[in-house]
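Novice: If you scroll down you'll find the structure; I have some questions about it.
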Amino acid sequence: MNLSTKINKQSMQSFLGSLRYSLYVITHPFDGFWDLTHEKRGSMAVANLIVFLFLMTDLWSMRFTNFMFSNVRWERVNIWSQIVGTLAPILIYCVANWCLTTLFDGKGRLKDIYIGLAYALTPYILLINPVTVISNFVTADEGAFLKYFDTLALVWCGALILVSVMQIHDYSLFKAILAIIFSVAGMMIIVFLVMLFFSLISDAVGFFISVYKEILFRIY
């Protein structure tokens, strides 16, 4: 076995180990999130994969959930808008949380926040995919139970995000709750500023175009 093959094998083993560790994190969140960042048990590669699977799960659910249990009409869905609408909140949350916790003695880096959030999304992937398949084989009355799994996935992910903030930043429960609340508020501020920026850019471009057209009109 040459050196390159050995390195690739070690990298793959490390990747698979970090991926398997996501199952430990969601069942032992306090130890899991602590080791995830402080003991470097997580990786950006696995975090990116989980986020990608989260996005695919969202699209899969929208496309293949039985129409009796979904109000989404796939033919009206804009794929790119859905992708941005799924990924943008994740990135904006990470930035908002990092900005806030940096001011309030948070110990986590932006990378740690992203990895923690990604691993916290694992239950959604594990629960929603089977629910999507099962929805096509049950009646409307039996399908009422599927809502419980949807709720369980959201509550589980929410609880994991809370624990991730506690462990990554070494916060108490109360401080972690406040951090999440203010992070959501920070997300709204970031979105507002981005929209305001692009609105000003659009107005500026429109102004210069109108000036340019006026100059051409007067010259010719």
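Residue names in the structure tokens use chain letters A, B, ... in the order shown, residue numbers from 1 in each chain, and ligand numbers from 1 in the order shown.
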Just the residues within 10 Å of Phe104 in chain A, please, counting only C-alpha atoms, with nothing from its chain fewer than 5 positions along; format it as JSON, numbers by chain.

Specialist: {"A": [98, 99, 169, 171, 175, 179]}

Novice: Run DSSP on the backbone and grab whatever in range 5-198 of chain A lands in helix (DSSP H, G or I); send it over as a CSV table (one decimal) with C-alpha atoms, in the first residue's frame.

Specialist:
```csv
chain,number,residue,atom,x,y,z
A,5,THR,CA,-3.6,5.1,-0.6
A,6,LYS,CA,-2.9,4.9,3.1
A,7,ILE,CA,-3.7,8.6,3.6
A,8,ASN,CA,-6.9,8.3,1.6
A,9,LYS,CA,-7.9,5.3,3.6
A,10,GLN,CA,-7.2,7.1,6.9
A,11,SER,CA,-9.2,10.2,5.7
A,12,MET,CA,-12.2,8.0,4.8
A,13,GLN,CA,-12.1,6.2,8.1
A,14,SER,CA,-11.9,9.6,9.9
A,15,PHE,CA,-14.9,10.8,7.8
A,16,LEU,CA,-17.0,7.8,8.5
A,17,GLY,CA,-16.1,8.0,12.2
A,18,SER,CA,-17.3,11.6,12.3
A,19,LEU,CA,-20.4,10.6,10.5
A,20,ARG,CA,-21.2,7.8,12.9
A,21,TYR,CA,-20.6,10.2,15.7
A,22,SER,CA,-23.6,12.2,14.7
A,23,LEU,CA,-25.8,9.3,16.0
A,24,TYR,CA,-24.0,9.5,19.3
A,25,VAL,CA,-24.5,13.3,19.5
A,26,ILE,CA,-28.3,13.1,19.0
A,27,THR,CA,-28.6,10.4,21.8
A,29,PRO,CA,-26.2,15.5,23.4
A,30,PHE,CA,-24.4,17.0,26.4
A,31,ASP,CA,-21.3,14.7,26.1
A,32,GLY,CA,-21.6,14.6,22.3
A,33,PHE,CA,-21.6,18.4,21.6
A,34,TRP,CA,-18.8,18.9,24.1
A,35,ASP,CA,-16.6,16.4,22.5
A,36,LEU,CA,-17.8,17.5,19.0
A,37,THR,CA,-16.0,20.8,19.4
A,38,HIS,CA,-13.6,20.6,22.3
A,44,MET,CA,-16.6,20.3,8.4
A,45,ALA,CA,-16.9,17.7,5.7
A,46,VAL,CA,-19.5,15.7,7.7
A,47,ALA,CA,-21.3,18.9,8.7
A,48,ASN,CA,-21.5,19.9,5.0
A,49,LEU,CA,-22.9,16.4,4.1
A,50,ILE,CA,-25.5,16.6,6.9
A,51,VAL,CA,-26.6,20.1,5.7
A,52,PHE,CA,-26.8,18.7,2.1
A,53,LEU,CA,-28.9,15.7,3.2
A,54,PHE,CA,-31.1,18.1,5.2
A,55,LEU,CA,-31.7,20.1,2.1
A,56,MET,CA,-32.4,17.0,0.0
A,57,THR,CA,-34.7,15.7,2.7
A,58,ASP,CA,-36.7,18.9,2.6
A,59,LEU,CA,-37.0,18.7,-1.2
A,60,TRP,CA,-37.8,15.0,-1.1
A,61,SER,CA,-40.5,15.6,1.5
A,62,MET,CA,-42.1,18.3,-0.6
A,63,ARG,CA,-42.0,16.3,-3.8
A,64,PHE,CA,-43.1,12.8,-2.6
A,67,PHE,CA,-51.0,14.9,-1.3
A,68,MET,CA,-53.4,14.1,1.5
A,69,PHE,CA,-50.8,15.2,4.0
A,74,TRP,CA,-44.7,20.7,-6.6
A,75,GLU,CA,-45.4,22.2,-10.0
A,76,ARG,CA,-45.5,25.6,-8.3
A,79,ILE,CA,-36.3,24.9,-6.7
A,80,TRP,CA,-33.7,27.6,-6.4
A,81,SER,CA,-35.8,29.7,-4.1
A,82,GLN,CA,-36.4,26.6,-1.9
A,83,ILE,CA,-32.7,25.9,-1.8
A,84,VAL,CA,-31.8,29.5,-0.8
A,85,GLY,CA,-34.7,29.5,1.7
A,86,THR,CA,-33.3,26.4,3.3
A,87,LEU,CA,-29.6,27.1,3.3
A,88,ALA,CA,-29.7,30.9,4.0
A,89,PRO,CA,-31.3,30.7,7.5
A,90,ILE,CA,-28.6,28.1,8.5
A,91,LEU,CA,-25.7,30.4,7.4
A,92,ILE,CA,-27.4,33.6,8.8
A,93,TYR,CA,-28.0,31.9,12.1
A,94,CYS,CA,-24.4,30.9,12.4
A,95,VAL,CA,-23.2,34.4,11.7
A,96,ALA,CA,-25.8,36.0,14.1
A,97,ASN,CA,-25.0,33.5,16.9
A,98,TRP,CA,-21.3,34.0,16.5
A,99,CYS,CA,-21.6,37.8,16.5
A,100,LEU,CA,-23.7,37.7,19.6
A,101,THR,CA,-21.8,35.1,21.6
A,102,THR,CA,-18.5,36.9,20.8
A,103,LEU,CA,-19.8,39.9,22.7
A,110,LEU,CA,-17.9,30.3,13.8
A,111,LYS,CA,-16.8,26.9,12.6
A,112,ASP,CA,-17.9,25.2,15.9
A,113,ILE,CA,-21.3,26.9,15.7
A,114,TYR,CA,-21.8,25.6,12.1
A,115,ILE,CA,-20.7,22.1,12.9
A,116,GLY,CA,-22.9,22.0,16.0
A,117,LEU,CA,-25.9,23.2,14.2
A,118,ALA,CA,-25.4,20.8,11.3
A,119,TYR,CA,-25.1,17.8,13.7
A,120,ALA,CA,-28.3,19.0,15.5
A,122,THR,CA,-29.6,14.8,12.0
A,123,PRO,CA,-32.9,13.8,13.6
A,124,TYR,CA,-34.8,15.6,10.9
A,125,ILE,CA,-33.0,13.5,8.2
A,126,LEU,CA,-33.6,10.3,10.1
A,127,LEU,CA,-37.3,10.8,10.8
A,128,ILE,CA,-38.7,12.8,7.8
A,129,ASN,CA,-37.4,10.5,5.1
A,130,PRO,CA,-39.2,7.4,6.4
A,131,VAL,CA,-42.3,9.5,7.1
A,132,THR,CA,-42.3,10.6,3.5
A,133,VAL,CA,-42.3,7.1,2.3
A,134,ILE,CA,-44.9,5.8,4.8
A,144,ALA,CA,-52.6,11.6,11.5
A,145,PHE,CA,-49.9,9.8,13.4
A,146,LEU,CA,-47.3,11.1,10.9
A,147,LYS,CA,-47.8,14.6,12.3
A,148,TYR,CA,-46.4,13.3,15.6
A,149,PHE,CA,-43.2,12.3,13.9
A,150,ASP,CA,-42.9,15.7,12.2
A,151,THR,CA,-43.4,17.4,15.5
A,152,LEU,CA,-40.9,15.0,17.2
A,153,ALA,CA,-38.3,15.8,14.5
A,154,LEU,CA,-38.7,19.6,15.0
A,155,VAL,CA,-38.7,19.4,18.8
A,156,TRP,CA,-35.7,17.0,18.8
A,157,CYS,CA,-33.7,19.3,16.5
A,158,GLY,CA,-34.7,22.3,18.6
A,159,ALA,CA,-33.5,20.7,21.8
A,160,LEU,CA,-30.2,19.7,20.2
A,161,ILE,CA,-29.6,23.2,19.0
A,162,LEU,CA,-30.2,24.5,22.5
A,163,VAL,CA,-27.8,21.9,24.0
A,164,SER,CA,-25.2,22.7,21.3
A,165,VAL,CA,-25.3,26.4,22.3
A,166,MET,CA,-24.8,25.4,25.9
A,167,GLN,CA,-21.9,23.1,25.3
A,168,ILE,CA,-20.1,25.0,22.5
A,169,HIS,CA,-20.2,28.3,24.4
A,173,LEU,CA,-29.5,26.8,30.2
A,174,PHE,CA,-30.9,30.3,30.7
A,175,LYS,CA,-28.1,32.0,29.0
A,176,ALA,CA,-28.3,29.6,26.0
A,177,ILE,CA,-32.0,30.3,25.6
A,178,LEU,CA,-31.3,34.0,25.6
A,179,ALA,CA,-28.6,33.5,23.1
A,180,ILE,CA,-30.9,31.7,20.7
A,181,ILE,CA,-33.6,34.3,21.1
A,182,PHE,CA,-31.2,37.2,20.4
A,183,SER,CA,-29.7,35.2,17.6
A,184,VAL,CA,-33.1,35.0,15.9
A,185,ALA,CA,-33.5,38.7,16.4
A,186,GLY,CA,-30.0,39.2,14.9
A,187,MET,CA,-31.0,37.1,11.9
A,188,MET,CA,-33.9,39.5,11.3
A,189,ILE,CA,-31.6,42.5,11.5
A,190,ILE,CA,-29.1,40.8,9.1
A,191,VAL,CA,-31.9,40.1,6.6
A,192,PHE,CA,-33.2,43.6,6.9
A,193,LEU,CA,-29.7,45.1,6.3
A,194,VAL,CA,-29.0,42.8,3.4
A,195,MET,CA,-32.4,43.8,1.8
A,196,LEU,CA,-31.7,47.5,2.5
A,197,PHE,CA,-28.2,47.2,0.9
A,198,PHE,CA,-29.5,45.6,-2.3
```

Novice: Mind pulling up the distance from CA of Asn136 in chain A to CA of Thr65 in chain A?

Specialist: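 Here the two named atoms are 6.8 Å from each other.
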